[in-house]
Structures are given as C-alpha cells and as structure tokens.
$ cat protein-v8.csv   # CSV, C-alpha atoms and all ligand atoms
chain,number,residue,atom,x,y,z
A,1,MET,CA,0.8,90.6,315.5
A,2,ILE,CA,-0.6,94.0,316.2
A,3,PRO,CA,-0.7,94.9,319.8
A,4,ASP,CA,-4.0,96.0,321.4
A,5,ILE,CA,-4.4,99.7,321.2
A,6,PRO,CA,-4.8,101.0,324.8
A,7,THR,CA,-8.1,102.7,325.3
A,8,ARG,CA,-6.6,105.2,327.6
A,9,LYS,CA,-3.3,106.9,327.9
A,10,PRO,CA,-0.9,105.2,330.2
A,11,SER,CA,-0.1,107.2,333.3
A,12,PRO,CA,3.4,108.6,333.1
A,13,HIS,CA,4.1,108.0,336.8
A,14,SER,CA,3.4,105.3,339.2
A,15,ALA,CA,-0.1,105.5,340.7
A,16,ASP,CA,0.8,104.5,344.2
A,17,ASP,CA,-1.2,102.3,346.4
A,18,THR,CA,-3.0,100.6,343.5
A,19,ILE,CA,-3.2,97.2,342.0
A,20,LEU,CA,-3.6,96.9,338.3
A,21,PRO,CA,-4.8,93.6,336.7
A,22,PHE,CA,-3.7,92.9,333.2
A,23,GLU,CA,-4.1,90.2,330.5
A,24,VAL,CA,-1.9,88.9,327.7
A,25,ALA,CA,-4.6,87.0,325.8
A,26,ALA,CA,-2.2,85.7,323.1
A,27,LEU,CA,-0.3,83.7,325.8
A,28,ASP,CA,-3.3,82.9,328.1
A,29,LEU,CA,-1.6,84.9,330.8
A,30,ARG,CA,-3.3,87.0,333.5
A,31,GLY,CA,-1.6,89.0,336.2
A,32,ARG,CA,-1.6,92.0,338.4
A,33,VAL,CA,0.9,94.6,339.5
A,34,VAL,CA,0.9,96.2,342.9
A,35,ARG,CA,2.6,99.5,343.6
A,36,LEU,CA,2.8,100.7,347.2
A,37,GLY,CA,3.9,104.1,348.4
A,38,PRO,CA,2.3,105.8,351.4
A,39,VAL,CA,0.5,102.6,352.5
A,40,VAL,CA,3.6,100.6,353.0
A,41,ASP,CA,5.5,103.6,354.3
A,42,GLU,CA,2.8,104.2,357.0
A,43,ILE,CA,2.7,100.6,358.1
A,44,LEU,CA,6.5,100.1,358.2
A,45,THR,CA,7.3,103.5,359.7
A,46,ARG,CA,4.8,103.1,362.5
A,47,HIS,CA,6.2,99.7,363.5
A,48,ASP,CA,9.8,100.9,363.1
A,49,TYR,CA,11.1,97.3,363.0
A,50,PRO,CA,14.8,96.6,362.3
A,51,LEU,CA,15.6,97.2,358.6
A,52,PRO,CA,15.6,93.6,357.4
A,53,VAL,CA,12.4,92.8,359.2
A,54,SER,CA,10.7,95.9,357.6
A,55,LYS,CA,11.9,94.7,354.2
A,56,LEU,CA,10.5,91.2,354.7
A,57,LEU,CA,7.2,92.6,356.0
A,58,GLY,CA,7.0,95.0,353.0
A,59,GLU,CA,7.3,92.0,350.7
A,60,ALA,CA,4.6,90.2,352.6
A,61,ILE,CA,2.3,93.2,352.3
A,62,ALA,CA,2.8,93.4,348.6
A,63,LEU,CA,2.1,89.7,348.3
A,64,ALA,CA,-1.0,89.9,350.4
A,65,ALA,CA,-2.3,92.8,348.2
A,66,LEU,CA,-1.7,90.8,345.1
A,67,PHE,CA,-3.5,87.7,346.4
A,68,GLY,CA,-6.2,89.4,348.4
A,69,SER,CA,-7.3,91.7,345.5
A,70,SER,CA,-7.5,88.7,343.2
A,71,LEU,CA,-10.1,86.9,345.3
A,72,LYS,CA,-13.8,87.5,345.2
A,73,PHE,CA,-15.1,87.5,348.8
A,74,ASP,CA,-16.4,89.6,351.5
A,75,GLY,CA,-14.3,89.6,354.6
A,76,ARG,CA,-10.6,89.2,355.3
A,77,PHE,CA,-7.7,87.5,353.6
A,78,ILE,CA,-4.9,86.7,356.1
A,79,LEU,CA,-1.4,85.8,355.1
A,80,GLN,CA,0.5,84.4,358.0
A,81,THR,CA,3.9,82.7,358.5
A,82,GLN,CA,5.0,80.7,361.4
A,83,SER,CA,8.5,79.5,361.3
A,84,ASP,CA,11.7,78.8,363.3
A,85,GLY,CA,13.9,81.6,362.0
A,86,PRO,CA,14.6,84.9,363.8
A,87,VAL,CA,11.2,86.1,362.5
A,88,ARG,CA,8.8,83.8,364.2
A,89,MET,CA,5.5,85.1,362.9
A,90,LEU,CA,4.4,87.6,360.3
A,91,VAL,CA,0.8,88.5,359.7
A,92,VAL,CA,-0.8,90.6,356.9
A,93,ASP,CA,-4.5,91.2,357.0
A,94,TYR,CA,-6.2,92.4,353.9
A,95,ALA,CA,-9.9,93.3,354.3
A,96,THR,CA,-12.3,93.7,351.4
A,97,GLY,CA,-12.0,97.1,349.9
A,98,GLY,CA,-8.2,97.0,350.2
A,99,ARG,CA,-7.7,97.8,353.9
A,100,LEU,CA,-4.3,96.5,354.9
A,101,ARG,CA,-2.6,96.0,358.3
A,102,ALA,CA,0.4,94.0,359.3
A,103,CYS,CA,2.7,93.0,362.1
A,104,VAL,CA,5.7,90.8,362.9
A,105,ARG,CA,7.0,88.9,365.9
A,106,PHE,CA,10.7,88.3,366.0
A,107,ASP,CA,13.4,87.3,368.3
A,108,ARG,CA,15.6,90.3,368.9
A,109,LYS,CA,18.8,88.5,369.9
A,110,ARG,CA,18.6,86.0,367.1
A,111,LEU,CA,17.9,88.8,364.7
A,112,GLU,CA,21.0,90.8,365.9
A,113,GLU,CA,23.1,87.6,365.3
A,114,ALA,CA,21.6,87.2,361.8
A,115,ILE,CA,22.4,90.9,361.0
A,116,ALA,CA,25.9,90.5,362.3
A,117,ALA,CA,26.3,87.4,360.1
A,118,ARG,CA,24.7,89.1,357.1
A,119,ALA,CA,22.2,86.3,356.9
A,120,VAL,CA,19.2,88.5,356.4
A,121,SER,CA,17.6,87.3,353.2
A,122,PRO,CA,13.9,86.6,353.5
A,123,GLY,CA,14.5,82.9,353.5
A,124,ALA,CA,17.1,83.2,356.3
A,125,LEU,CA,14.9,85.4,358.4
A,126,LEU,CA,11.9,83.0,358.1
A,127,GLY,CA,13.8,79.7,358.4
A,128,ARG,CA,11.5,76.7,358.2
A,129,GLY,CA,7.8,76.5,358.9
A,130,HIS,CA,4.7,77.3,357.0
A,131,LEU,CA,2.8,80.0,355.2
A,132,ALA,CA,-1.0,80.0,355.8
A,133,MET,CA,-3.5,81.8,353.7
A,134,THR,CA,-6.9,82.2,355.2
A,135,ILE,CA,-10.1,83.6,353.9
A,136,ASP,CA,-12.4,84.6,356.8
A,137,GLN,CA,-15.9,85.7,355.8
A,138,GLY,CA,-17.3,86.2,359.3
A,139,ALA,CA,-18.3,84.0,362.2
A,140,ASP,CA,-21.1,82.0,360.5
A,141,MET,CA,-19.1,81.2,357.3
A,142,ASN,CA,-16.6,78.5,356.7
A,143,ARG,CA,-13.0,79.6,356.9
A,144,TYR,CA,-10.8,78.5,354.0
A,145,GLN,CA,-7.2,77.8,354.7
A,146,GLY,CA,-4.4,76.9,352.4
A,147,LEU,CA,-1.0,75.9,353.8
A,148,VAL,CA,2.4,75.6,352.2
A,149,ALA,CA,5.8,74.8,353.6
A,150,ILE,CA,8.4,77.5,353.9
A,151,ASP,CA,11.7,75.7,353.5
A,152,GLY,CA,14.5,78.2,353.7
A,153,GLY,CA,13.2,80.0,350.6
A,154,GLY,CA,11.5,83.4,350.7
A,155,LEU,CA,7.9,84.4,350.2
A,156,GLU,CA,8.1,84.3,346.4
A,157,ALA,CA,9.2,80.6,346.5
A,158,ALA,CA,6.4,79.8,349.0
A,159,ALA,CA,3.8,81.5,346.7
A,160,HIS,CA,5.0,79.5,343.7
A,161,GLU,CA,4.7,76.3,345.6
A,162,TYR,CA,1.3,77.2,346.9
A,163,PHE,CA,-0.2,77.8,343.5
A,164,GLN,CA,1.4,74.8,342.0
A,165,ARG,CA,0.3,72.4,344.7
A,166,SER,CA,-3.0,73.8,345.9
A,167,GLU,CA,-4.4,75.4,342.7
A,168,GLN,CA,-2.5,73.8,340.0
A,169,ILE,CA,-2.0,77.2,338.4
A,170,PRO,CA,1.5,77.9,337.1
A,171,THR,CA,2.3,81.2,338.8
A,172,ARG,CA,5.3,83.5,339.1
A,173,VAL,CA,5.6,86.3,341.6
A,174,ARG,CA,8.2,89.0,341.9
A,175,LEU,CA,8.4,91.2,345.0
A,176,ALA,CA,10.6,94.2,345.8
A,177,VAL,CA,10.9,96.6,348.7
A,178,ALA,CA,13.2,99.5,349.3
A,179,GLU,CA,13.7,102.8,351.1
A,180,GLU,CA,13.6,105.8,348.8
A,181,LEU,CA,15.9,108.6,349.7
A,182,ARG,CA,14.8,112.1,348.8
A,183,ALA,CA,16.7,115.3,349.3
A,184,GLY,CA,14.7,117.7,351.4
A,185,GLN,CA,15.2,121.1,353.1
A,186,ASP,CA,16.1,119.5,356.4
A,187,GLY,CA,18.3,116.8,354.9
A,188,PRO,CA,17.3,113.6,353.1
A,189,THR,CA,14.0,111.9,353.9
A,190,ARG,CA,13.4,108.2,353.7
A,191,ARG,CA,10.2,106.6,352.5
A,192,TRP,CA,9.4,102.9,352.1
A,193,ARG,CA,8.2,101.7,348.7
A,194,ALA,CA,7.1,98.2,347.7
A,195,GLY,CA,5.9,96.6,344.5
A,196,GLY,CA,5.1,93.2,343.1
A,197,ILE,CA,3.9,91.4,340.0
A,198,MET,CA,2.0,88.1,339.8
A,199,LEU,CA,1.7,86.3,336.5
A,200,GLN,CA,-0.5,83.2,336.1
A,201,PHE,CA,-1.0,80.8,333.2
A,202,LEU,CA,-4.7,80.1,332.7
A,203,PRO,CA,-5.2,78.3,329.4
A,204,LYS,CA,-8.7,76.9,328.6
A,205,SER,CA,-7.5,73.4,328.4
A,206,PRO,CA,-6.1,72.3,331.8
A,207,GLU,CA,-3.6,69.9,330.4
A,208,ARG,CA,-1.6,72.8,329.1
A,209,ARG,CA,-1.0,73.8,332.7
A,210,ARG,CA,1.2,70.7,333.2
A,211,GLY,CA,3.8,71.9,335.6
A,212,PRO,CA,7.3,71.0,336.1
A,213,ASP,CA,7.6,67.6,337.9
A,214,LEU,CA,6.5,67.8,341.5
A,215,ASP,CA,9.1,65.7,343.2
A,216,PRO,CA,7.1,63.1,345.1
A,217,GLY,CA,10.1,62.7,347.4
A,218,ASP,CA,10.2,58.9,347.4
A,219,ALA,CA,12.2,58.3,344.2
A,220,PRO,CA,15.5,56.5,344.9
A,221,GLN,CA,18.5,58.7,344.7
A,222,GLY,CA,19.9,59.4,341.3
A,223,VAL,CA,16.7,58.4,339.5
A,224,GLN,CA,15.4,61.1,337.1
A,225,ILE,CA,11.8,61.8,337.5
A,226,PRO,CA,10.3,62.1,334.1
A,227,SER,CA,8.9,65.5,333.5
A,228,MET,CA,6.5,66.9,330.9
A,229,PRO,CA,7.8,69.9,329.1
A,230,GLU,CA,6.1,73.1,330.1
A,231,ASP,CA,3.8,74.8,327.6
A,232,ASP,CA,5.6,77.3,325.3
A,233,ALA,CA,3.3,80.2,326.2
A,234,TRP,CA,4.1,79.7,329.9
A,235,VAL,CA,7.8,79.3,329.2
A,236,GLU,CA,7.7,82.7,327.4
A,237,GLY,CA,5.6,84.5,330.0
A,238,LYS,CA,7.7,83.2,332.9
A,239,ALA,CA,10.9,84.2,331.1
A,240,LEU,CA,9.6,87.7,330.6
A,241,VAL,CA,8.4,88.2,334.2
A,242,GLU,CA,11.8,87.0,335.5
A,243,THR,CA,13.4,89.9,333.7
A,244,VAL,CA,11.6,92.4,335.9
A,245,GLU,CA,14.1,94.2,338.1
A,246,ASP,CA,13.4,95.4,341.6
A,247,ILE,CA,13.8,99.0,340.6
A,248,GLU,CA,11.0,98.6,338.0
A,249,LEU,CA,8.6,97.5,340.6
A,250,ILE,CA,9.3,100.4,343.0
A,251,ASP,CA,10.3,103.2,340.7
A,252,PRO,CA,7.9,106.1,341.3
A,253,ASP,CA,8.7,107.4,337.8
A,254,LEU,CA,7.6,104.2,336.0
A,255,SER,CA,3.9,103.7,335.7
A,256,THR,CA,2.4,100.2,336.0
A,257,GLU,CA,1.0,100.5,332.4
A,258,ARG,CA,4.5,101.3,331.1
A,259,LEU,CA,5.9,98.4,333.0
A,260,VAL,CA,3.5,95.8,331.6
A,261,TYR,CA,3.8,97.3,328.2
A,262,ARG,CA,7.6,97.0,328.4
A,263,LEU,CA,7.2,93.4,329.3
A,264,PHE,CA,4.5,92.2,327.0
A,265,HIS,CA,4.1,94.7,324.1
A,266,GLU,CA,5.1,92.1,321.5
A,267,ARG,CA,2.1,90.0,322.3
A,268,GLY,CA,-0.4,92.7,323.2
A,269,VAL,CA,-1.4,93.5,326.7
A,270,ARG,CA,-4.6,94.8,328.1
A,271,VAL,CA,-5.0,96.5,331.5
A,272,PHE,CA,-8.2,96.6,333.5
A,273,GLY,CA,-9.4,99.0,336.2
A,274,ASN,CA,-7.2,99.8,339.2
A,275,ALA,CA,-8.1,98.7,342.7
A,276,ASN,CA,-6.9,100.8,345.6
A,277,VAL,CA,-5.4,99.9,348.9
A,278,ALA,CA,-5.2,101.8,352.2
A,279,ALA,CA,-3.4,101.4,355.5
A,280,GLU,CA,-6.2,100.9,357.9
A,281,CYS,CA,-6.5,98.9,361.1
A,282,SER,CA,-9.9,97.6,362.1
A,283,CYS,CA,-9.3,97.9,365.9
A,284,SER,CA,-11.6,100.1,367.9
A,285,ARG,CA,-12.3,100.9,371.5
A,286,ASP,CA,-15.5,98.8,371.2
A,287,ASN,CA,-13.6,95.8,370.0
A,288,VAL,CA,-11.0,96.1,372.7
A,289,THR,CA,-13.8,96.5,375.3
A,290,ALA,CA,-15.5,93.4,374.0
A,291,MET,CA,-12.2,91.5,374.2
A,292,LEU,CA,-11.6,92.6,377.8
A,293,MET,CA,-15.2,91.7,378.7
A,294,SER,CA,-14.5,88.2,377.5
A,295,PHE,CA,-11.9,87.7,380.2
A,296,SER,CA,-12.6,86.8,383.8
A,297,GLN,CA,-12.6,89.5,386.4
A,298,ASP,CA,-9.6,87.8,387.8
A,299,ASP,CA,-7.7,88.1,384.5
A,300,ARG,CA,-8.7,91.7,384.2
A,301,ASP,CA,-7.5,92.5,387.7
A,302,GLN,CA,-4.1,91.1,386.8
A,303,MET,CA,-3.9,93.5,383.8
A,304,VAL,CA,-4.2,96.6,386.0
A,305,GLU,CA,-1.0,98.5,386.1
A,306,ASP,CA,-0.6,101.9,387.7
A,307,GLY,CA,-4.3,101.9,388.4
A,308,ARG,CA,-5.4,101.3,384.8
A,309,ILE,CA,-5.6,98.7,382.0
A,310,SER,CA,-3.8,99.6,378.8
A,311,VAL,CA,-4.0,97.5,375.6
A,312,THR,CA,-1.8,98.1,372.6
A,313,CYS,CA,-3.0,97.0,369.2
A,314,GLU,CA,-0.2,94.8,367.8
A,315,PHE,CA,-1.1,95.9,364.2
A,316,CYS,CA,-1.2,99.6,364.5
A,317,ASN,CA,0.4,100.3,367.9
A,318,ARG,CA,-2.7,102.3,369.0
A,319,VAL,CA,-3.0,102.3,372.8
A,320,TYR,CA,-6.4,101.9,374.5
A,321,VAL,CA,-6.5,102.9,378.2
A,322,PHE,CA,-9.3,101.9,380.6
A,323,GLN,CA,-10.1,102.6,384.2
A,324,PRO,CA,-10.5,99.2,385.9
A,325,GLY,CA,-14.2,100.0,386.7
A,326,GLU,CA,-14.9,100.7,383.0
A,327,VAL,CA,-14.9,97.1,382.0
A,328,GLU,CA,-16.9,95.4,384.7
A,329,ALA,CA,-19.4,92.7,384.1
A,330,GLY,CA,-22.8,94.3,383.5
A,331,GLU,CA,-21.4,97.1,381.5
A,332,SER,CA,-21.9,95.3,378.2
A,333,GLY,CA,-25.1,97.2,377.7
A,334,THR,CA,-23.0,100.0,376.3
A,335,LEU,CA,-21.7,97.8,373.5
A,336,ASN,CA,-23.6,97.0,370.4
A,401,ZN,ZN,-5.1,98.6,365.4

$ encode --input "protein-v8.csv" --output "structure tokens"
Amino acid sequence: MIPDIPTRKPSPHSADDTILPFEVAALDLRGRVVRLGPVVDEILTRHDYPLPVSKLLGEAIALAALFGSSLKFDGRFILQTQSDGPVRMLVVDYATGGRLRACVRFDRKRLEEAIAARAVSPGALLGRGHLAMTIDQGADMNRYQGLVAIDGGGLEAAAHEYFQRSEQIPTRVRLAVAEELRAGQDGPTRRWRAGGIMLQFLPKSPERRRGPDLDPGDAPQGVQIPSMPEDDAWVEGKALVETVEDIELIDPDLSTERLVYRLFHERGVRVFGNANVAAECSCSRDNVTAMLMSFSQDDRDQMVEDGRISVTCEFCNRVYVFQPGEVEAGESGTLN
C-alpha cells in the first residue's frame, strides 16, 4: 500500500503547546498527540509541588488536553480525581479554546512517607477512588459527568477503563512527563515538558469494536470468561502505540508529524490542523468579589486578617486583597 502523501512538510521540531489530530484510515484508527512545553512548565513551576506530584499533575494536564480538545462543546471540560492516596484530589480545567489550569491537594506527611518508600508511581500516589470527567456548558445547561474507578492504576489505566465502559470505544493512551535540563550561562536550567498520544478504534460497524472481556466480577473463581478476539486492525494499532517511548512524546527535537509517521507510515497516516493550548486561569477580581459577596457578613468578618481579606486562587496562586469595607452588601452595583 502506498502511504498518503503529506500535503505539507512535517515540521522538523516539536511544535510545543499543540494538539495534532491524525487518522490511519486503513485501520479505522483516529488519534491525537499533545506536546506541551511552556504551558506545562508555567503551571507546574508556579505551583512548585514536590517532584512526584508535579509529574502526576503533568500527566493529568496532558490527558485533559487530549480529551478536552476532542470534544465539541462550549464551556469547560474538567478532569478531577478524588482518591485515598497521598494525592487526595487533582483538578485540570480545560476551557474551550485550549485554556488550561490545574491544581492538586495532597497530604504532605503521607507524601513524604511515599517518597521515602519510593512508592511514587501515579497509581501509588492516587490510591483508590475515582476519576470524574465533567463537561460544564454554563449555568443553564446540563452538566455531563462520566465516572470511572481508580484502582491503584494510574491515569492511563483509568482512561482505558473509561472509554471501554462508558463509550465502548477501544482506546489506548500513553502519557509522559519529564524535566528537561539545559546548560545555560548561569548553570543548568530545568523546564517541564509533557506529551501524550491517544489512539481510538472507530470502525463503521460497531461489532468490530468488541473489546476484551469486561470481567463482570461475579464469575466463580477459576472459571474462564469467554472472550471474543479483538479486531486485527485494533490489535495492530494498539501494538504500535504501545511501542511509543516516553522520550518520543517529550523530545523537543522530534515533531509530532514525524512521530505519527514513524508509527503508522506502513498503513498511511493523515494529520489534520493543530489546536493550541495556553496556560490561562479564568479567575478575576470580579469573580472573587462575587464569591465574597455570596458569603454572609459574618463569614466575611471572620476572613479578615491584619485588617484585610486576602483570597488566593488555588489554580494560579494569584492573591486578591480586599479592604473589609470593599465587599459590603450593597456594593454589588459595581459588578456586572
Ligand atoms: Zn486563578
């Protein structure tokens, strides 16, 4: 088979902070690749979480960018975990147009113990709980929420489970995060990079999507659950995407086009237009004022410290400072 001729020259280097959709028509595969440079560096550097937490959050940011950019909606896509590991909660918020923000809540003592015991894989940090994916299209629209269990596996495992159970779409996701060290005049500089690839099997006839057996959980021990063999095209696609190495996802000198060509050139691969992402928080003084106005005067009085109220945005660490008199009932006329 003759591979498709690209209609434009592949970029020689990684185009950072982009998501590139692609298609392998011969195998009914669709996918996308996310490459994050300054965006993930800005978010992770600003938070300055302990290293393993930064890495986990970087993976979640790459995953949210892959999912969020694949959905057609106007609003927010929120990926959130809640679990019993040292990282209790993790939130990535992807707003239409590719604006990303993210934060984590973790238990410092348990994290230190986990680091000392070298149990810092994403699965170990998360523990058990659930991953929720929410599409929020504004106050008067229905919120859509999908939930999947996190069971000691990482975010990749949770994503596979989600697509298999909720969407019945065979899906493979690979995520990678690392700090890039560069020699500079004042010594080496560190910069976070992240990348990910999502591959989905979307044949026209749904029966070809038959997945591996979903264990119903009630079979007596030792009983083999009969499973349908997976479709050959999906077996091939899955095997190819599983060969992707972490370095290929984050290497600034390997472009996304070259990466997908490397993987799928024998079958022919077509890439579509890039989408861009940016690190941008939606907090504002007006939003914070409105939030404070929604509290009772009593609650606001209790927030006064050293003669002022200060509110820190958990996503971007921006601090908003108010004089107590500034947010009194009746002042709402200044808000729109
Ligand atoms: Zn903010």

$ residues_near_point --input "protein-v8.csv" --point "(7.6, 73.5, 357.6)" --cutoff "12 Å" --atoms "all atoms listed in the file" --output "list in words"
Thr81, Gln82, Ser83, Asp84, Gly85, Leu126, Gly127, Arg128, Gly129, His130, Leu131, Ala132, Leu147, Val148, Ala149, Ile150, Asp151, Gly152, Gly153 and Ala158 of chain A

$ closest_residue --input "protein-v8.csv" --among "A:Arg208, A:Thr134, A:Val120, A:Ala102" --to "ligand ZN 401 (chain A)" --atoms "all atoms listed in the file"
A:Ala102

$ atom_distance --input "protein-v8.csv" --atom1 "atom CA of A:Met89" --atom2 "atom CA of A:Val104"
5.7 Å

$ residues_near_point --input "protein-v8.csv" --point "(-2.4, 104.2, 370.3)" --cutoff "12 Å" --atoms "all atoms listed in the file" --output "MDAnalysis selection string"
chainID A and resid 46:47 281 283:285 310:321

$ closest_atom_pairs --input "protein-v8.csv" --of "stretch 236-293 of chain A" --to "stretch 94-98 of chain A" --cutoff "12 Å" --atoms "only C-alpha atoms" --output "Markdown table"
| residue | atom | partner | partner_atom | distance |
| --- | --- | --- | --- | --- |
| A:Asn274 | CA | A:Gly98 | CA | 11.4 |
| A:Ala275 | CA | A:Gly98 | CA | 7.7 |
| A:Asn276 | CA | A:Gly98 | CA | 6.1 |
| A:Val277 | CA | A:Gly98 | CA | 4.2 |
| A:Ala278 | CA | A:Gly98 | CA | 6.0 |
| A:Ala279 | CA | A:Gly98 | CA | 8.4 |
| A:Glu280 | CA | A:Gly98 | CA | 8.9 |
| A:Cys281 | CA | A:Ala95 | CA | 9.4 |
| A:Ser282 | CA | A:Ala95 | CA | 8.9 |

$ write_last_selection --input "protein-v8.csv" --atoms "C-alpha atoms" --output "PDB file, in the coordinates of the input"
ATOM      1  CA  ASN A 274      -7.200  99.800 339.200  1.00  0.00           C
ATOM      2  CA  ALA A 275      -8.100  98.700 342.700  1.00  0.00           C
ATOM      3  CA  ASN A 276      -6.900 100.800 345.600  1.00  0.00           C
ATOM      4  CA  VAL A 277      -5.400  99.900 348.900  1.00  0.00           C
ATOM      5  CA  ALA A 278      -5.200 101.800 352.200  1.00  0.00           C
ATOM      6  CA  ALA A 279      -3.400 101.400 355.500  1.00  0.00           C
ATOM      7  CA  GLU A 280      -6.200 100.900 357.900  1.00  0.00           C
ATOM      8  CA  CYS A 281      -6.500  98.900 361.100  1.00  0.00           C
ATOM      9  CA  SER A 282      -9.900  97.600 362.100  1.00  0.00           C
TER      10      SER A 282
END

$ residues_around --input "protein-v8.csv" --residues "A:Ser70" --least-positions-apart "2" --cutoff "10 Å" --atoms "only C-alpha atoms" --output "list in words"
Ile19, Pro21, Gly31, Arg32, Ala64, Ala65, Leu66, Phe67, Gly68, Lys72 and Phe73 of chain A

$ atom_distance --input "protein-v8.csv" --atom1 "atom CA of A:Arg267" --atom2 "atom CA of A:Glu161"
27.2 Å

$ atom_distance --input "protein-v8.csv" --atom1 "atom CA of A:Val241" --atom2 "atom CA of A:Ile61"
19.7 Å

$ closest_residue --input "protein-v8.csv" --among "A:Gly75, A:Gly325, A:Pro86, A:Gly195" --to "A:Gln137" --atoms "all atoms listed in the file"
A:Gly75

$ residues_around --input "protein-v8.csv" --residues "A:Asp306" --least-positions-apart "4" --cutoff "12 Å" --atoms "only C-alpha atoms" --output "PyMOL selection string"
chain A and resi 301-302+310+321-324

$ residues_around --input "protein-v8.csv" --residues "A:Asp16" --least-positions-apart "4" --cutoff "10 Å" --atoms "only C-alpha atoms" --output "list in words"
Val34, Arg35, Leu36, Gly37, Pro38, Val39, Arg193, Ala194, Gly195, Ile250, Pro252, Ser255, Thr256, Asn276 and Val277 of chain A

$ write_last_selection --input "protein-v8.csv" --atoms "C-alpha atoms" --output "short mmCIF file (atom, residue, chain, number, x, y, z; two decimals), keeping the file's coordinate frame"
data_model
loop_
_atom_site.label_atom_id
_atom_site.label_comp_id
_atom_site.auth_asym_id
_atom_site.auth_seq_id
_atom_site.Cartn_x
_atom_site.Cartn_y
_atom_site.Cartn_z
CA VAL A 34 0.90 96.20 342.90
CA ARG A 35 2.60 99.50 343.60
CA LEU A 36 2.80 100.70 347.20
CA GLY A 37 3.90 104.10 348.40
CA PRO A 38 2.30 105.80 351.40
CA VAL A 39 0.50 102.60 352.50
CA ARG A 193 8.20 101.70 348.70
CA ALA A 194 7.10 98.20 347.70
CA GLY A 195 5.90 96.60 344.50
CA ILE A 250 9.30 100.40 343.00
CA PRO A 252 7.90 106.10 341.30
CA SER A 255 3.90 103.70 335.70
CA THR A 256 2.40 100.20 336.00
CA ASN A 276 -6.90 100.80 345.60
CA VAL A 277 -5.40 99.90 348.90
#

$ residues_around --input "protein-v8.csv" --residues "A:Leu79" --least-positions-apart "2" --cutoff "6 Å" --atoms "all atoms listed in the file" --output "PyMOL selection string"
chain A and resi 91-92+132-133

$ closest_residue --input "protein-v8.csv" --among "A:Arg209, A:Gly237, A:Arg99, A:Val177" --to "ligand ZN 401 (chain A)" --atoms "only C-alpha atoms and all ligand atoms"
A:Arg99

$ closest_residue --input "protein-v8.csv" --among "A:Leu199, A:Val271, A:Ala178, A:Ile78" --to "A:Val40" --atoms "only C-alpha atoms"
A:Ala178

$ build_atoms --input "protein-v8.csv" --residues "stretch 92-98 of chain A" --atoms "all heavy atoms" --output "PDB file, in the coordinates of the input"
ATOM      1  N   VAL A  92      -0.207  89.510 357.687  1.00  0.00           N
ATOM      2  CA  VAL A  92      -0.800  90.600 356.900  1.00  0.00           C
ATOM      3  C   VAL A  92      -2.251  90.316 356.749  1.00  0.00           C
ATOM      4  O   VAL A  92      -2.647  89.213 356.388  1.00  0.00           O
ATOM      5  CB  VAL A  92      -0.132  90.771 355.514  1.00  0.00           C
ATOM      6  CG1 VAL A  92      -0.642  92.044 354.851  1.00  0.00           C
ATOM      7  CG2 VAL A  92       1.378  90.797 355.595  1.00  0.00           C
ATOM      8  N   ASP A  93      -3.042  91.329 357.031  1.00  0.00           N
ATOM      9  CA  ASP A  93      -4.500  91.200 357.000  1.00  0.00           C
ATOM     10  C   ASP A  93      -5.027  92.148 355.977  1.00  0.00           C
ATOM     11  O   ASP A  93      -4.801  93.352 356.051  1.00  0.00           O
ATOM     12  CB  ASP A  93      -4.935  91.542 358.459  1.00  0.00           C
ATOM     13  CG  ASP A  93      -6.427  91.510 358.675  1.00  0.00           C
ATOM     14  OD1 ASP A  93      -7.173  91.709 357.708  1.00  0.00           O
ATOM     15  OD2 ASP A  93      -6.832  91.318 359.833  1.00  0.00           O
ATOM     16  N   TYR A  94      -5.677  91.563 354.959  1.00  0.00           N
ATOM     17  CA  TYR A  94      -6.200  92.400 353.900  1.00  0.00           C
ATOM     18  C   TYR A  94      -7.744  92.265 353.943  1.00  0.00           C
ATOM     19  O   TYR A  94      -8.299  91.166 353.799  1.00  0.00           O
ATOM     20  CB  TYR A  94      -5.716  91.823 352.523  1.00  0.00           C
ATOM     21  CG  TYR A  94      -6.346  92.431 351.295  1.00  0.00           C
ATOM     22  CD1 TYR A  94      -5.703  93.457 350.593  1.00  0.00           C
ATOM     23  CD2 TYR A  94      -7.572  91.979 350.817  1.00  0.00           C
ATOM     24  CE1 TYR A  94      -6.275  94.016 349.465  1.00  0.00           C
ATOM     25  CE2 TYR A  94      -8.156  92.531 349.684  1.00  0.00           C
ATOM     26  CZ  TYR A  94      -7.503  93.547 349.020  1.00  0.00           C
ATOM     27  OH  TYR A  94      -8.072  94.099 347.902  1.00  0.00           O
ATOM     28  N   ALA A  95      -8.409  93.363 354.211  1.00  0.00           N
ATOM     29  CA  ALA A  95      -9.900  93.300 354.300  1.00  0.00           C
ATOM     30  C   ALA A  95     -10.473  93.822 352.994  1.00  0.00           C
ATOM     31  O   ALA A  95      -9.861  94.643 352.286  1.00  0.00           O
ATOM     32  CB  ALA A  95     -10.338  94.190 355.469  1.00  0.00           C
ATOM     33  N   THR A  96     -11.652  93.290 352.674  1.00  0.00           N
ATOM     34  CA  THR A  96     -12.300  93.700 351.400  1.00  0.00           C
ATOM     35  C   THR A  96     -12.308  95.206 351.297  1.00  0.00           C
ATOM     36  O   THR A  96     -12.505  95.926 352.276  1.00  0.00           O
ATOM     37  CB  THR A  96     -13.818  93.246 351.513  1.00  0.00           C
ATOM     38  OG1 THR A  96     -13.862  91.920 351.992  1.00  0.00           O
ATOM     39  CG2 THR A  96     -14.463  93.319 350.146  1.00  0.00           C
ATOM     40  N   GLY A  97     -12.051  95.645 350.109  1.00  0.00           N
ATOM     41  CA  GLY A  97     -12.000  97.100 349.900  1.00  0.00           C
ATOM     42  C   GLY A  97     -10.519  97.558 349.925  1.00  0.00           C
ATOM     43  O   GLY A  97     -10.242  98.725 349.688  1.00  0.00           O
ATOM     44  N   GLY A  98      -9.597  96.634 350.261  1.00  0.00           N
ATOM     45  CA  GLY A  98      -8.200  97.000 350.200  1.00  0.00           C
ATOM     46  C   GLY A  98      -7.592  97.561 351.459  1.00  0.00           C
ATOM     47  O   GLY A  98      -6.563  98.221 351.428  1.00  0.00           O
TER      48      GLY A  98
END
